[in-house]
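Asks: Got query08.cif for you, mmCIF, C-alpha atoms:
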data_start
#
loop_
_atom_site.group_PDB
_atom_site.id
_atom_site.type_symbol
_atom_site.label_atom_id
_atom_site.label_comp_id
_atom_site.auth_asym_id
_atom_site.auth_seq_id
_atom_site.Cartn_x
_atom_site.Cartn_y
_atom_site.Cartn_z
ATOM 1 C CA MET A 234 22.748 11.309 -4.133
ATOM 2 C CA LYS A 235 20.099 11.101 -6.789
ATOM 3 C CA ARG A 236 16.616 10.342 -5.564
ATOM 4 C CA ARG A 237 15.729 8.692 -8.897
ATOM 5 C CA ASP A 238 18.530 6.125 -8.443
ATOM 6 C CA VAL A 239 17.499 5.282 -4.904
ATOM 7 C CA LEU A 240 13.814 5.010 -5.750
ATOM 8 C CA GLY A 241 14.653 2.699 -8.657
ATOM 9 C CA LEU A 242 16.650 0.460 -6.345
ATOM 10 C CA LEU A 243 13.889 0.495 -3.777
ATOM 11 C CA ALA A 244 11.451 -0.747 -6.399
ATOM 12 C CA VAL A 245 13.707 -3.460 -7.829
ATOM 13 C CA THR A 246 15.094 -4.736 -4.550
ATOM 14 C CA GLY A 247 11.694 -4.617 -2.879
ATOM 15 C CA ALA A 248 10.214 -6.808 -5.586
ATOM 16 C CA LEU A 249 13.112 -9.270 -5.479
ATOM 17 C CA VAL A 250 12.916 -9.639 -1.707
ATOM 18 C CA THR A 251 9.272 -10.694 -1.913
ATOM 19 C CA LEU A 252 9.628 -13.205 -4.757
ATOM 20 C CA PRO A 253 9.919 -16.861 -3.707
ATOM 21 C CA GLY A 254 13.141 -18.688 -4.554
ATOM 22 C CA SER A 255 13.418 -21.753 -6.750
ATOM 23 C CA ASP A 256 15.381 -24.699 -5.404
ATOM 24 C CA GLU A 257 15.839 -26.397 -8.795
ATOM 25 C CA ALA A 258 18.319 -24.021 -10.447
ATOM 26 C CA LEU A 259 21.958 -23.586 -9.518
ATOM 27 C CA ARG A 260 23.026 -20.458 -7.711
ATOM 28 C CA GLY A 261 24.377 -17.692 -9.976
ATOM 29 C CA HIS A 262 27.869 -16.226 -9.840
ATOM 30 C CA THR A 263 26.769 -12.956 -8.199
ATOM 31 C CA ALA A 264 24.810 -14.709 -5.473
ATOM 32 C CA ALA A 265 27.739 -17.040 -4.764
ATOM 33 C CA ALA A 266 30.181 -14.129 -4.503
ATOM 34 C CA LEU A 267 27.850 -12.199 -2.212
ATOM 35 C CA LEU A 268 27.350 -15.174 0.064
ATOM 36 C CA GLU A 269 31.103 -15.604 0.298
ATOM 37 C CA THR A 270 32.256 -12.011 0.839
ATOM 38 C CA GLY A 271 29.191 -9.751 1.112
ATOM 39 C CA GLU A 272 28.915 -9.610 4.887
ATOM 40 C CA GLU A 273 32.583 -8.656 5.244
ATOM 41 C CA LEU A 274 32.205 -5.937 2.627
ATOM 42 C CA HIS A 275 29.151 -4.534 4.402
ATOM 43 C CA ARG A 276 31.039 -4.424 7.706
ATOM 44 C CA SER A 277 33.766 -2.470 5.903
ATOM 45 C CA LEU A 278 31.213 -0.012 4.511
ATOM 46 C CA TRP A 279 29.811 0.548 8.004
ATOM 47 C CA GLN A 280 33.352 1.145 9.317
ATOM 48 C CA VAL A 281 34.089 3.679 6.588
ATOM 49 C CA PHE A 282 30.771 5.391 7.362
ATOM 50 C CA THR A 283 31.596 5.519 11.065
ATOM 51 C CA LEU A 284 35.153 6.811 10.623
ATOM 52 C CA SER A 285 34.580 9.177 7.713
ATOM 53 C CA GLY A 286 34.434 12.920 8.222
ATOM 54 C CA SER A 287 32.145 13.207 5.213
ATOM 55 C CA LYS A 288 29.562 10.439 5.529
ATOM 56 C CA GLN A 289 28.257 11.002 1.994
ATOM 57 C CA THR A 290 31.496 9.673 0.479
ATOM 58 C CA VAL A 291 30.235 6.170 1.263
ATOM 59 C CA PHE A 292 27.050 6.559 -0.797
ATOM 60 C CA PRO A 293 28.493 5.611 -4.236
ATOM 61 C CA SER A 294 29.820 2.330 -2.814
ATOM 62 C CA VAL A 295 26.532 1.609 -1.046
ATOM 63 C CA ARG A 296 24.641 2.366 -4.266
ATOM 64 C CA ARG A 297 26.818 -0.012 -6.316
ATOM 65 C CA GLN A 298 26.511 -2.741 -3.696
ATOM 66 C CA LEU A 299 22.727 -2.402 -3.701
ATOM 67 C CA ASP A 300 22.842 -3.020 -7.472
ATOM 68 C CA VAL A 301 24.897 -6.155 -6.872
ATOM 69 C CA LEU A 302 22.503 -7.322 -4.152
ATOM 70 C CA ALA A 303 19.537 -6.878 -6.484
ATOM 71 C CA LYS A 304 21.253 -9.137 -9.018
ATOM 72 C CA GLY A 305 22.186 -11.633 -6.298
ATOM 73 C CA LEU A 306 18.605 -11.794 -5.049
ATOM 74 C CA ALA A 307 17.439 -12.563 -8.582
ATOM 75 C CA GLU A 308 19.945 -15.431 -8.766
ATOM 76 C CA ALA A 309 19.388 -16.923 -5.298
ATOM 77 C CA ARG A 310 17.824 -20.367 -5.526
ATOM 78 C CA THR A 311 17.732 -21.893 -2.061
ATOM 79 C CA GLU A 312 15.771 -20.529 0.872
ATOM 80 C CA ALA A 313 18.933 -20.390 2.998
ATOM 81 C CA ASP A 314 20.785 -18.336 0.365
ATOM 82 C CA ARG A 315 17.777 -16.082 -0.091
ATOM 83 C CA ALA A 316 17.495 -15.508 3.670
ATOM 84 C CA ARG A 317 21.170 -14.514 3.927
ATOM 85 C CA LEU A 318 20.888 -12.179 0.942
ATOM 86 C CA CYS A 319 17.749 -10.620 2.419
ATOM 87 C CA ALA A 320 19.626 -9.999 5.673
ATOM 88 C CA MET A 321 22.479 -8.390 3.738
ATOM 89 C CA THR A 322 19.958 -6.242 1.889
ATOM 90 C CA ALA A 323 18.396 -5.170 5.179
ATOM 91 C CA ASP A 324 21.787 -4.258 6.600
ATOM 92 C CA LEU A 325 22.791 -2.240 3.559
ATOM 93 C CA TYR A 326 19.485 -0.388 3.346
ATOM 94 C CA GLN A 327 19.910 0.576 6.996
ATOM 95 C CA LEU A 328 23.270 2.077 6.074
ATOM 96 C CA ALA A 329 21.652 3.928 3.166
ATOM 97 C CA GLY A 330 19.010 5.163 5.591
ATOM 98 C CA GLU A 331 21.713 6.471 7.914
ATOM 99 C CA LEU A 332 23.296 8.340 5.008
ATOM 100 C CA PHE A 333 20.001 9.968 4.123
ATOM 101 C CA PHE A 334 19.228 10.713 7.758
ATOM 102 C CA ASP A 335 22.567 12.470 8.209
ATOM 103 C CA ALA A 336 21.784 14.537 5.095
ATOM 104 C CA ASN A 337 18.428 15.589 6.641
ATOM 105 C CA ARG A 338 16.538 13.686 3.946
ATOM 106 C CA TYR A 339 14.079 12.085 6.315
ATOM 107 C CA THR A 340 11.608 10.796 3.737
ATOM 108 C CA ASP A 341 14.365 8.960 1.859
ATOM 109 C CA ALA A 342 15.751 7.610 5.130
ATOM 110 C CA ALA A 343 12.316 6.342 6.144
ATOM 111 C CA GLN A 344 11.913 4.602 2.777
ATOM 112 C CA CYS A 345 15.267 2.878 3.203
ATOM 113 C CA TYR A 346 14.376 1.766 6.735
ATOM 114 C CA THR A 347 11.033 0.439 5.512
ATOM 115 C CA LEU A 348 12.720 -1.651 2.839
ATOM 116 C CA ALA A 349 15.320 -2.779 5.378
ATOM 117 C CA ALA A 350 12.531 -3.953 7.682
ATOM 118 C CA ASN A 351 10.792 -5.779 4.825
ATOM 119 C CA ALA A 352 14.024 -7.463 3.740
ATOM 120 C CA ALA A 353 14.881 -8.479 7.311
ATOM 121 C CA HIS A 354 11.393 -9.894 7.781
ATOM 122 C CA ALA A 355 11.648 -11.812 4.485
ATOM 123 C CA GLY A 356 15.021 -13.176 5.595
ATOM 124 C CA GLY A 357 13.724 -14.171 9.021
ATOM 125 C CA ASP A 358 16.195 -11.933 10.873
ATOM 126 C CA ASP A 359 14.205 -10.553 13.798
ATOM 127 C CA ASP A 360 17.101 -8.502 15.184
ATOM 128 C CA LEU A 361 17.645 -6.652 11.907
ATOM 129 C CA TRP A 362 13.888 -6.175 11.564
ATOM 130 C CA ALA A 363 13.658 -4.627 15.039
ATOM 131 C CA CYS A 364 16.640 -2.391 14.342
ATOM 132 C CA ALA A 365 15.118 -1.115 11.090
ATOM 133 C CA MET A 366 11.772 -0.486 12.772
ATOM 134 C CA THR A 367 13.464 1.408 15.608
ATOM 135 C CA ARG A 368 15.421 3.550 13.171
ATOM 136 C CA HIS A 369 12.247 4.250 11.217
ATOM 137 C CA ALA A 370 10.441 5.321 14.399
ATOM 138 C CA TYR A 371 13.343 7.570 15.312
ATOM 139 C CA VAL A 372 13.123 9.296 11.922
ATOM 140 C CA GLU A 373 9.454 9.982 12.524
ATOM 141 C CA LEU A 374 10.173 11.422 15.973
ATOM 142 C CA TYR A 375 13.106 13.482 14.769
ATOM 143 C CA ALA A 376 11.247 14.894 11.767
ATOM 144 C CA ALA A 377 8.274 15.812 13.960
ATOM 145 C CA ALA A 378 10.390 17.548 16.612
ATOM 146 C CA ARG A 379 10.189 21.314 16.580
ATOM 147 C CA PRO A 380 13.084 23.486 17.716
ATOM 148 C CA LEU A 381 12.500 25.099 21.080
ATOM 149 C CA PRO A 382 11.996 28.845 21.014
ATOM 150 C CA SER A 383 14.786 30.989 22.345
ATOM 151 C CA PRO A 384 14.237 32.040 26.007
ATOM 152 C CA CYS A 385 15.304 35.624 25.193
#
Take the structure from the file and write it as structure tokens.

Replies:
Amino acid sequence: MKRRDVLGLLAVTGALVTLPGSDEALRGHTAAALLETGEELHRSLWQVFTLSGSKQTVFPSVRRQLDVLAKGLAEARTEADRARLCAMTADLYQLAGELFFDANRYTDAAQCYTLAANAAHAGGDDDLWACAMTRHAYVELYAAARPLPSPC
């Protein structure tokens, strides 16, 4: 996992989540495809993550899907489409956060959870927002925890 790639996506996706949509233009091809099949694909990515012995094998697929989501967010034109794409973005950034967390990259995980919370908030999905905030808090607690000294 390259930090430069993730930070670039954080910047692009973060900006796209906060931009208002335009209802006049037609929805683009990427946005339409995401709205049709994106949620199912994300469920599949979570399943692969859960069942995989090596969690990091999922990262290239998550990275590519985040690229697609960034393009879809740029194409989204209605508020309803934008809200669904924001929720998908939140879900996928939570998965990216889990990947970083499992790799002991707590700062990267926290950044992913922050963007997930922002995307969920922008999409009006309170459950996803709360989940991202809880995961972020857990990272802070876990990173701050010190190993107990040996009793011997």

Asks: Which residues come within 7 Å of Gly330 (chain A), counting only C-alpha atoms, excluding same-chain residues fewer than 6 positions away, as a count of residues only?

Replies: 4

Asks: Excluding same-chain residues fewer than 2 positions from Tyr371 (chain A), what lies within 12 Å of it counting only C-alpha atoms, as a ChimeraX atom specification?

Replies: /A:330-331,334,339,342-343,346,364-369,373-378

Asks: For Asp360 (chain A), list every protein, DNA or RNA residue within 12 Å, evaluated using all atoms listed in the file, and leave out those in the same chain fewer than 5 positions away; present the list as a VMD selection string.

Replies: chain A and resid 320 323 to 324 349 to 350 352 to 354 365 to 367

Asks: Using C-alpha atoms, can you export the residues from the last selection as a PDB file, keeping the file's coordinate frame?

Replies:
ATOM      1  CA  ALA A 320      19.626  -9.999   5.673  1.00  0.00           C
ATOM      2  CA  ALA A 323      18.396  -5.170   5.179  1.00  0.00           C
ATOM      3  CA  ASP A 324      21.787  -4.258   6.600  1.00  0.00           C
ATOM      4  CA  ALA A 349      15.320  -2.779   5.378  1.00  0.00           C
ATOM      5  CA  ALA A 350      12.531  -3.953   7.682  1.00  0.00           C
ATOM      6  CA  ALA A 352      14.024  -7.463   3.740  1.00  0.00           C
ATOM      7  CA  ALA A 353      14.881  -8.479   7.311  1.00  0.00           C
ATOM      8  CA  HIS A 354      11.393  -9.894   7.781  1.00  0.00           C
ATOM      9  CA  ALA A 365      15.118  -1.115  11.090  1.00  0.00           C
ATOM     10  CA  MET A 366      11.772  -0.486  12.772  1.00  0.00           C
ATOM     11  CA  THR A 367      13.464   1.408  15.608  1.00  0.00           C
TER      12      THR A 367
END

Asks: Find the residue from A:Gln289, A:Ser277, A:Gln344, A:Thr270 that sits nearest to Leu318 (chain A); use all atoms listed in the file when measuring.

Replies: A:Thr270

Asks: Please indicate the distance in Å from CA of Val281 (chain A) to CA of Ala307 (chain A), rounded to one decimal place.

Replies: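 Computing it gives 27.8 Å between the two atoms.
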
Asks: For CA of Leu267 (chain A) and CA of Gly305 (chain A), determine how far apart the two atoms are, in Å to one decimal place.

Replies: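 According to the coordinates, CA of Leu267 (chain A) and CA of Gly305 (chain A) are separated by 7.0 Å.
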
Asks: By how many Å are CA of Ala363 (chain A) and CA of Thr347 (chain A) apart?

Replies: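 The value is 11.1 Å.
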
Asks: Mind checking which residues fall within 10 Å of Cys319 (chain A), counting all atoms listed in the file, ignoring those fewer than 6 positions away in the same chain, and posting them as a ChimeraX atom specification?

Replies: /A:246,249-251,302-303,305-306,313,325,349-358

Asks: Kindly indicate which residue among A:Ala265, A:Leu299, A:Gly286, A:Ala370 lies nearest to Thr322 (chain A), using all atoms listed in the file for the distances.

Replies: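 The closest residue to Thr322 (chain A) is A:Leu299.
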
Asks: Hey, which of A:His262, A:Trp362, A:Thr340, A:Ala329 ends up closest to Thr290 (chain A)? Count only C-alpha atoms.

Replies: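 Checking each candidate against Thr290 (chain A), we get A:Ala329 as the closest.
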
Asks: Using the file's own x, y and z axes, what box holds all listed atoms of region 334-339 of chain A with 5 Å on each side, keeping edges along x, y and z, and what are its centre and edge lengths in Å to one decimal, as lines of an AutoDock Vina configuration file?

Replies:
center_x = 18.3
center_y = 13.2
center_z = 6.1
size_x = 18.5
size_y = 14.9
size_z = 14.3

Asks: Compare A:Val295, A:Ala309, A:Ala316, A:Ala264 by their minimum atom-to-atom distance to Asp359 (chain A), counting all atoms listed in the file, and give me the closest one.

Replies: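 Counting all atoms listed in the file, the residue closest to Asp359 (chain A) is A:Ala316.
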
Asks: Missing atoms in region 308-319 of chain A: can you complete it with all heavy atoms, as a compact mmCIF listing (two decimals), in the frame of the given file?

Replies:
# COMPACT_ATOMS: atom_id res chain seq x y z
N GLU A 308 19.28 -14.15 -8.50
CA GLU A 308 19.94 -15.43 -8.77
C GLU A 308 19.79 -16.45 -7.64
O GLU A 308 20.03 -17.64 -7.85
CB GLU A 308 21.45 -15.20 -8.99
CG GLU A 308 21.78 -14.43 -10.23
CD GLU A 308 23.27 -14.16 -10.33
OE1 GLU A 308 24.04 -14.59 -9.44
OE2 GLU A 308 23.67 -13.53 -11.32
N ALA A 309 19.47 -16.01 -6.45
CA ALA A 309 19.39 -16.92 -5.30
C ALA A 309 18.36 -18.01 -5.56
O ALA A 309 17.25 -17.74 -6.03
CB ALA A 309 19.03 -16.15 -4.04
N ARG A 310 18.72 -19.26 -5.23
CA ARG A 310 17.82 -20.37 -5.53
C ARG A 310 17.38 -21.16 -4.32
O ARG A 310 16.34 -21.77 -4.34
CB ARG A 310 18.49 -21.32 -6.53
CG ARG A 310 18.83 -20.67 -7.85
CD ARG A 310 17.58 -20.18 -8.53
NE ARG A 310 17.89 -19.55 -9.80
CZ ARG A 310 17.54 -18.34 -10.16
NH1 ARG A 310 16.85 -17.60 -9.35
NH2 ARG A 310 17.87 -17.85 -11.32
N THR A 311 18.15 -21.15 -3.25
CA THR A 311 17.73 -21.89 -2.06
C THR A 311 17.19 -20.91 -1.04
O THR A 311 17.54 -19.72 -1.03
CB THR A 311 18.90 -22.69 -1.44
OG1 THR A 311 19.84 -21.77 -0.89
CG2 THR A 311 19.57 -23.60 -2.46
N GLU A 312 16.35 -21.38 -0.17
CA GLU A 312 15.77 -20.53 0.87
C GLU A 312 16.85 -20.01 1.81
O GLU A 312 16.79 -18.86 2.26
CB GLU A 312 14.70 -21.28 1.65
CG GLU A 312 13.41 -21.47 0.87
CD GLU A 312 12.80 -20.15 0.41
OE1 GLU A 312 12.72 -19.19 1.21
OE2 GLU A 312 12.41 -20.08 -0.76
N ALA A 313 17.85 -20.82 2.11
CA ALA A 313 18.93 -20.39 3.00
C ALA A 313 19.74 -19.26 2.36
O ALA A 313 20.06 -18.27 3.03
CB ALA A 313 19.84 -21.56 3.34
N ASP A 314 20.06 -19.40 1.08
CA ASP A 314 20.78 -18.34 0.36
C ASP A 314 19.94 -17.07 0.31
O ASP A 314 20.44 -15.97 0.54
CB ASP A 314 21.14 -18.77 -1.06
CG ASP A 314 22.21 -19.83 -1.11
OD1 ASP A 314 22.82 -20.14 -0.06
OD2 ASP A 314 22.45 -20.36 -2.21
N ARG A 315 18.69 -17.23 0.01
CA ARG A 315 17.78 -16.08 -0.09
C ARG A 315 17.67 -15.36 1.25
O ARG A 315 17.68 -14.13 1.32
CB ARG A 315 16.41 -16.57 -0.55
CG ARG A 315 15.43 -15.48 -0.77
CD ARG A 315 14.21 -16.02 -1.50
NE ARG A 315 13.50 -14.93 -2.09
CZ ARG A 315 13.91 -14.22 -3.13
NH1 ARG A 315 15.03 -14.51 -3.71
NH2 ARG A 315 13.19 -13.22 -3.58
N ALA A 316 17.59 -16.11 2.35
CA ALA A 316 17.50 -15.51 3.67
C ALA A 316 18.76 -14.70 3.99
O ALA A 316 18.67 -13.58 4.51
CB ALA A 316 17.26 -16.59 4.73
N ARG A 317 19.92 -15.25 3.67
CA ARG A 317 21.17 -14.51 3.93
C ARG A 317 21.25 -13.26 3.08
O ARG A 317 21.67 -12.20 3.55
CB ARG A 317 22.38 -15.41 3.66
CG ARG A 317 22.64 -16.39 4.77
CD ARG A 317 23.94 -17.13 4.62
NE ARG A 317 25.08 -16.24 4.57
CZ ARG A 317 26.23 -16.57 3.95
NH1 ARG A 317 26.35 -17.72 3.34
NH2 ARG A 317 27.23 -15.72 3.94
N LEU A 318 20.85 -13.35 1.82
CA LEU A 318 20.89 -12.18 0.94
C LEU A 318 19.87 -11.13 1.39
O LEU A 318 20.14 -9.93 1.30
CB LEU A 318 20.66 -12.58 -0.51
CG LEU A 318 21.80 -13.37 -1.15
CD1 LEU A 318 21.40 -13.87 -2.53
CD2 LEU A 318 23.06 -12.52 -1.24
N CYS A 319 18.74 -11.57 1.89
CA CYS A 319 17.75 -10.62 2.42
C CYS A 319 18.31 -9.90 3.64
O CYS A 319 18.12 -8.69 3.80
CB CYS A 319 16.45 -11.33 2.77
SG CYS A 319 15.42 -11.72 1.34
